[in-house]
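Chemist: Submitted below is the structure of interest, expressed as structure tokens.
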Amino acid sequence: MILITGGAGFIGANFILNWFDTTDEPVVNLDKLTYAGNLRNLASLQDDPRHIFVHGDLGDTALTTRLLTEYQPRGIINFAAESHVDRSIHSPEDFIQTNIVGTFRLLESARAYWHGLQGAAQSNFRFLHVSTDEVYGSLKLDDPAFTEQHRYEPNSPYSASKAASDHLVRAYHHTYGLPVLTTNCSNNYGPYQFPEKLIPLMIVNALAGKSLPIYGDGRQVRDWLYVKDHCCAIQSVIQAGQPGEIYNIGGWNEKPNIDIVHTVCALLDELQPRIDGISYSQQIRFVKDRPGHDQRYAIDARKIERELGWKPAETFETGIRKTVQWYLDNQAWVSNVQNGNYRDWVHKQYEKVRA
Ligand code: NAD
Ligand code: DAU
């Protein structure tokens with residue numbers, strides 16, 4: 001079996017659902033259930049003995065040691081993190097605690113466990129750390145995309161905390177020989193993404209008749225990947241990646257934010273038009289920019305394609321259509337996550353960023 005952290009969040013939950021589409025190997029899912037973690041994402045696994053949910057913190061050494069001893073997993077996949085850049089700008093503390101201290105403590109538990117394994121169990125063990133392209137910093141419009149050799153230049157408290165965790169993972173390989181793998185992925189989108197991130201926020205706000213807040217001029221570029229493609233990439237890396245190696249994962253799909261929002265509006269105009277017949281794009285508003293806003297991310301994903309044979313299955317056109325349709329079909333999920341905490345966040349963030 002494998003141990004997953006953060007499996008009730010957006011990518012972790014998609015990963016577990018996707019995992020059980022291809023294998024019956026059990027998963028122990030350790031998640032703190034912060035505002036971003038939601039067991040409704042895994043409702044279809046409620047009575048499924050292959051999924052063992054444990055409510056807890058990846059930084060709780062006694063707990064992770066107990067789970068490793070009890071379940072004897074062949075690998076760990078570390079998804080758990082504070083993941084939203086804007087929240088890291090308001091309150092960085094949780095990012096330091098979970099992303100850096102939590103990853104460090106998990107590495108310590110993993111090192112002790114791995115050290116005690118024998119023979120094939122020890123040589124086959126893997127620790128896969130899920131990271132982000134944001135650790136590489138910001139590209140100019142004509143710079144080549146990030147390769148695995150790109151220097152680290154994180155610009156936000158979020159990306160700095162992820163960069164620190166990547167360095168710890170690397171150090172545990174070089175110093176202790178722990179068989180680690182690191183993946184650095186671009187922006188994901190798809191089902192179950194919390195509506196604080198660009199694409200789900202735009203869908204949810206559009207349908208609620210609210211404004212669609214674009215930071216700055218909307219010309220910042222992100223490289224978008226459908227979440228299921230990211231999950232398949234992680235599965236390839238845990239199965240066949242070389243210990244100590246880094247794999248960049250991306251969708252070869254760079255787009256300015258404003259184009260993304262126009263695409264979402266056009267799909268909603270087609271799938272659920274406004275009663276007055278006016279396009280949702282009329283709700284777009286340009287607001288004050290994100291402090292330290294990175295201009296462009298782009299991933300060069302040739303290494304994982306060459307070495308592990310992975311490439312994305314979805315184009316942006318197919319992935320974004322599925323995503324918009326999913327949010328239209330799952331409005332009960334959306335209402336459920338829009339609790340008091342969510343409303344407080346939206347109020348705090350968007351009162352401040354109004355242009
Ligand atoms: P998310 O915020 O949706 O989910 C994070 C999950 O981690 C939640 O279930 C939360 O409850 C859990 N968690 C938080 N703190 C924890 C702790 N201390 N102990 C245990 N669980 C804890 O995040 P996501 O978008 O699913 O991202 C997952 C991982 O992928 C993160 O490491 C993130 O940095 C990375 N990543 C995300 C993207 C993206 O576009 N979303 C892209 C590249 C990499
Ligand atoms: O690149 C990978 C990263 O992608 C992940 O590591 C992060 O966990 C994930 O949150 C994401 O970070 P971004 O900051 O790129 O994603 P976000 O959805 O917050 O914003 C995408 C772009 O849209 C960014 O340029 C900021 C802009 N934006 C975002 C919001 C929420 C807006 O213009 N308006 C908004 O309201």
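Labels used: A, B, ... for chains in the order of the structure tokens, numbers from 1 for residues in each chain, and numbers from 1 for ligands as shown.
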Run DSSP on the backbone and grab whatever in segment 6-132 of chain A lands in helix (DSSP H, G or I); send it over as an NGL selection string.
Modeler: :A and (10-22 or 39-45 or 61-71 or 85-90 or 93-116 or 119-124)
Chemist: Counting only C-alpha atoms and all ligand atoms, which protein, DNA or RNA residues come within 7 Å of ligand 2, given as a PDB file with C-alpha atoms, in the first residue's frame?
Modeler:
ATOM      1  CA  SER A  83      -1.286  25.949  -1.574  1.00  0.00           C
ATOM      2  CA  HIS A  84      -2.823  29.381  -2.237  1.00  0.00           C
ATOM      3  CA  VAL A  85      -0.417  32.223  -3.099  1.00  0.00           C
ATOM      4  CA  ASP A  86      -2.806  35.015  -2.012  1.00  0.00           C
ATOM      5  CA  SER A 131       5.984  20.407  -5.802  1.00  0.00           C
ATOM      6  CA  THR A 132       5.354  23.316  -8.106  1.00  0.00           C
ATOM      7  CA  ASP A 133       6.858  25.257 -11.011  1.00  0.00           C
ATOM      8  CA  GLU A 134       6.606  28.414  -8.869  1.00  0.00           C
ATOM      9  CA  CYS A 185       4.107  20.840 -11.909  1.00  0.00           C
ATOM     10  CA  SER A 186       2.399  23.796 -13.545  1.00  0.00           C
ATOM     11  CA  ASN A 187      -1.130  25.140 -12.802  1.00  0.00           C
ATOM     12  CA  ASN A 188      -3.763  22.423 -12.465  1.00  0.00           C
ATOM     13  CA  GLU A 196     -10.311  30.454  -4.377  1.00  0.00           C
ATOM     14  CA  LYS A 197      -8.160  29.580  -7.442  1.00  0.00           C
ATOM     15  CA  LEU A 198      -8.626  31.405 -10.757  1.00  0.00           C
ATOM     16  CA  ILE A 199     -10.714  28.976 -12.832  1.00  0.00           C
ATOM     17  CA  LEU A 201     -13.524  31.257  -8.727  1.00  0.00           C
ATOM     18  CA  PRO A 213     -11.734  39.987 -10.570  1.00  0.00           C
ATOM     19  CA  ILE A 214      -8.657  40.024 -12.838  1.00  0.00           C
ATOM     20  CA  TYR A 215      -5.452  41.076 -11.100  1.00  0.00           C
ATOM     21  CA  GLY A 218      -4.575  40.075 -16.863  1.00  0.00           C
ATOM     22  CA  GLN A 220       0.239  37.122 -16.740  1.00  0.00           C
ATOM     23  CA  VAL A 221       0.803  33.706 -18.279  1.00  0.00           C
ATOM     24  CA  ARG A 222       0.311  30.294 -16.659  1.00  0.00           C
ATOM     25  CA  ASN A 257      -5.225  34.949 -17.477  1.00  0.00           C
ATOM     26  CA  HIS A 293       2.839  38.844  -9.072  1.00  0.00           C
ATOM     27  CA  ASP A 294       4.936  36.444 -11.196  1.00  0.00           C
ATOM     28  CA  TYR A 297       5.426  30.228 -15.766  1.00  0.00           C
TER      29      TYR A 297
END
Chemist: Check every protein, DNA and RNA residue against ligand 1, keep those with an atom at most 7 Å away (counting only C-alpha atoms and all ligand atoms), and present them as a PyMOL selection string.
Modeler: chain A and resi 5-12+30-38+56-59+78-84+98+102+130-133+162+184-189+193-194
Chemist: Using backbone DSSP assignments, extract all strand (DSSP E) residues from segment 27-69 of chain A; output them as a PDB file with N, CA, C and O atoms, in the first residue's frame.
Modeler:
ATOM      1  N   VAL A  27      -4.728   2.650  -0.111  1.00  0.00           N
ATOM      2  CA  VAL A  27      -4.133   3.957   0.150  1.00  0.00           C
ATOM      3  C   VAL A  27      -4.485   4.369   1.582  1.00  0.00           C
ATOM      4  O   VAL A  27      -5.654   4.324   1.965  1.00  0.00           O
ATOM      5  N   VAL A  28      -3.478   4.755   2.350  1.00  0.00           N
ATOM      6  CA  VAL A  28      -3.743   5.414   3.638  1.00  0.00           C
ATOM      7  C   VAL A  28      -3.638   6.911   3.354  1.00  0.00           C
ATOM      8  O   VAL A  28      -2.621   7.382   2.833  1.00  0.00           O
ATOM      9  N   ASN A  29      -4.694   7.632   3.682  1.00  0.00           N
ATOM     10  CA  ASN A  29      -4.775   9.046   3.341  1.00  0.00           C
ATOM     11  C   ASN A  29      -4.744   9.886   4.618  1.00  0.00           C
ATOM     12  O   ASN A  29      -5.726   9.937   5.351  1.00  0.00           O
ATOM     13  N   LEU A  30      -3.615  10.538   4.869  1.00  0.00           N
ATOM     14  CA  LEU A  30      -3.459  11.379   6.070  1.00  0.00           C
ATOM     15  C   LEU A  30      -3.730  12.828   5.688  1.00  0.00           C
ATOM     16  O   LEU A  30      -3.002  13.403   4.861  1.00  0.00           O
ATOM     17  N   ASP A  31      -4.760  13.413   6.284  1.00  0.00           N
ATOM     18  CA  ASP A  31      -5.110  14.788   5.913  1.00  0.00           C
ATOM     19  C   ASP A  31      -5.613  15.530   7.157  1.00  0.00           C
ATOM     20  O   ASP A  31      -6.390  14.991   7.942  1.00  0.00           O
ATOM     21  N   HIS A  51      -9.536   2.432   0.812  1.00  0.00           N
ATOM     22  CA  HIS A  51      -9.200   3.800   1.230  1.00  0.00           C
ATOM     23  C   HIS A  51      -9.308   3.928   2.745  1.00  0.00           C
ATOM     24  O   HIS A  51     -10.388   3.791   3.315  1.00  0.00           O
ATOM     25  N   ILE A  52      -8.164   4.173   3.393  1.00  0.00           N
ATOM     26  CA  ILE A  52      -8.157   4.309   4.859  1.00  0.00           C
ATOM     27  C   ILE A  52      -7.849   5.773   5.164  1.00  0.00           C
ATOM     28  O   ILE A  52      -6.725   6.246   4.907  1.00  0.00           O
ATOM     29  N   PHE A  53      -8.852   6.467   5.695  1.00  0.00           N
ATOM     30  CA  PHE A  53      -8.646   7.886   5.971  1.00  0.00           C
ATOM     31  C   PHE A  53      -8.183   8.090   7.412  1.00  0.00           C
ATOM     32  O   PHE A  53      -8.745   7.509   8.337  1.00  0.00           O
ATOM     33  N   VAL A  54      -7.157   8.919   7.587  1.00  0.00           N
ATOM     34  CA  VAL A  54      -6.674   9.254   8.933  1.00  0.00           C
ATOM     35  C   VAL A  54      -6.639  10.783   9.041  1.00  0.00           C
ATOM     36  O   VAL A  54      -5.980  11.455   8.244  1.00  0.00           O
ATOM     37  N   HIS A  55      -7.362  11.301  10.039  1.00  0.00           N
ATOM     38  CA  HIS A  55      -7.402  12.751  10.238  1.00  0.00           C
ATOM     39  C   HIS A  55      -6.189  13.167  11.077  1.00  0.00           C
ATOM     40  O   HIS A  55      -6.086  12.753  12.238  1.00  0.00           O
TER      41      HIS A  55
END
Chemist: Residues within 9 Å of Ala233 of chain A, please, as a short mmCIF file (atom, residue, chain, number, x, y, z; two decimals) with N, CA, C and O atoms, in the first residue's frame. Count only C-alpha atoms; anything in the same chain fewer than 3 positions from it doesn't count.
Modeler:
data_model
loop_
_atom_site.label_atom_id
_atom_site.label_comp_id
_atom_site.auth_asym_id
_atom_site.auth_seq_id
_atom_site.Cartn_x
_atom_site.Cartn_y
_atom_site.Cartn_z
N THR A 183 8.47 16.10 -8.04
CA THR A 183 7.80 16.56 -9.26
C THR A 183 7.48 18.05 -9.12
O THR A 183 7.03 18.48 -8.07
N LYS A 228 -6.25 15.41 -14.02
CA LYS A 228 -6.10 13.96 -14.20
C LYS A 228 -4.77 13.64 -14.89
O LYS A 228 -4.13 12.62 -14.60
N ASP A 229 -4.33 14.52 -15.78
CA ASP A 229 -3.04 14.31 -16.43
C ASP A 229 -1.91 14.41 -15.40
O ASP A 229 -0.93 13.65 -15.47
N HIS A 230 -2.04 15.35 -14.46
CA HIS A 230 -1.02 15.45 -13.40
C HIS A 230 -1.01 14.16 -12.58
O HIS A 230 0.05 13.62 -12.26
N SER A 236 3.17 7.59 -12.90
CA SER A 236 4.34 7.11 -13.68
C SER A 236 5.62 7.33 -12.89
O SER A 236 6.52 6.48 -12.91
N VAL A 237 5.72 8.47 -12.20
CA VAL A 237 6.97 8.77 -11.48
C VAL A 237 7.14 7.82 -10.30
O VAL A 237 8.24 7.30 -10.08
N ILE A 238 6.07 7.55 -9.56
CA ILE A 238 6.22 6.64 -8.40
C ILE A 238 6.55 5.23 -8.88
O ILE A 238 7.29 4.50 -8.23
N ILE A 249 6.47 18.70 -14.79
CA ILE A 249 5.21 18.23 -15.40
C ILE A 249 4.42 19.47 -15.85
O ILE A 249 4.20 20.39 -15.03
N ILE A 304 10.17 14.04 -18.64
CA ILE A 304 9.23 12.99 -18.21
C ILE A 304 8.66 12.25 -19.43
O ILE A 304 8.42 11.05 -19.39
N LEU A 308 9.89 8.58 -19.11
CA LEU A 308 8.81 7.76 -18.55
C LEU A 308 7.62 7.61 -19.50
O LEU A 308 6.64 6.95 -19.17
N TRP A 310 5.41 9.75 -20.38
CA TRP A 310 4.16 10.46 -20.03
C TRP A 310 3.98 11.70 -20.90
O TRP A 310 4.93 12.44 -21.15
N LYS A 311 2.77 11.91 -21.37
CA LYS A 311 2.40 13.23 -21.91
C LYS A 311 0.92 13.46 -21.67
O LYS A 311 0.17 12.48 -21.47
N PRO A 312 0.47 14.72 -21.65
CA PRO A 312 -0.93 14.98 -21.30
C PRO A 312 -1.89 14.37 -22.31
O PRO A 312 -1.62 14.38 -23.52
#
Chemist: Would you compute the distance between atom CA of Arg302 of chain A and atom CA of Asp21 of chain A? Give it in Å to one decimal.
Modeler: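 The value is 26.2 Å.
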Chemist: Can you work out which one of A:Val169, A:Val180, A:Ala163, A:Val337 has the shortest atom-to-atom distance to Glu245 of chain A, counting only C-alpha atoms?
Modeler: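 Selected residue with least distance to Glu245 of chain A: A:Val180.
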Chemist: Calculate how many Å separate atom CA of Glu270 of chain A from atom CA of Trp326 of chain A, rounding to one decimal.
Modeler: 14.5 Å
Chemist: Quick one: residues within 9 Å of Thr61 of chain A, only C-alpha atoms, excluding same-chain residues fewer than 6 positions away - as JSON, numbers by chain?
Modeler: {"A": [105, 106, 108, 109]}
Chemist: Give the answer as one residue: which of A:Glu351, A:Asp329, A:Glu314, A:Asp47 has the shortest atom-to-atom distance to Tyr192 of chain A, using only C-alpha atoms?
Modeler: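 Among A:Glu351, A:Asp329, A:Glu314, A:Asp47, it is A:Asp329 that comes nearest to Tyr192 of chain A.
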Chemist: Quick one: residues within 6 Å of Gly75 of chain A, only C-alpha atoms counted, chain neighbours fewer than 4 positions away excluded, as an MDAnalysis selection string?
Modeler: chainID A and resid 2 125:127
Chemist: Go ahead and save the picked residues with C-alpha atoms, as a compact mmCIF listing (two decimals), in the first residue's frame.
Modeler:
# COMPACT_ATOMS: atom_id res chain seq x y z
CA ILE A 2 0.97 3.63 -0.21
CA PHE A 125 10.66 2.19 -1.16
CA ARG A 126 10.02 5.69 -2.60
CA PHE A 127 9.23 9.12 -1.13
Chemist: Go through A:Gln325, A:Thr147, A:Ser138, A:Ser156 and flag the residue nearest Tyr247 of chain A, using only C-alpha atoms for the distances.
Modeler: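 Answer, going by the shortest atom-to-atom distance: A:Thr147.
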Chemist: Using only C-alpha atoms, find the one residue out of A:Ile203, A:Leu117, A:Ile100, A:Val227 that sits nearest to Asp166 of chain A.
Modeler: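 Nearest candidate to Asp166 of chain A out of A:Ile203, A:Leu117, A:Ile100, A:Val227: A:Ile100.
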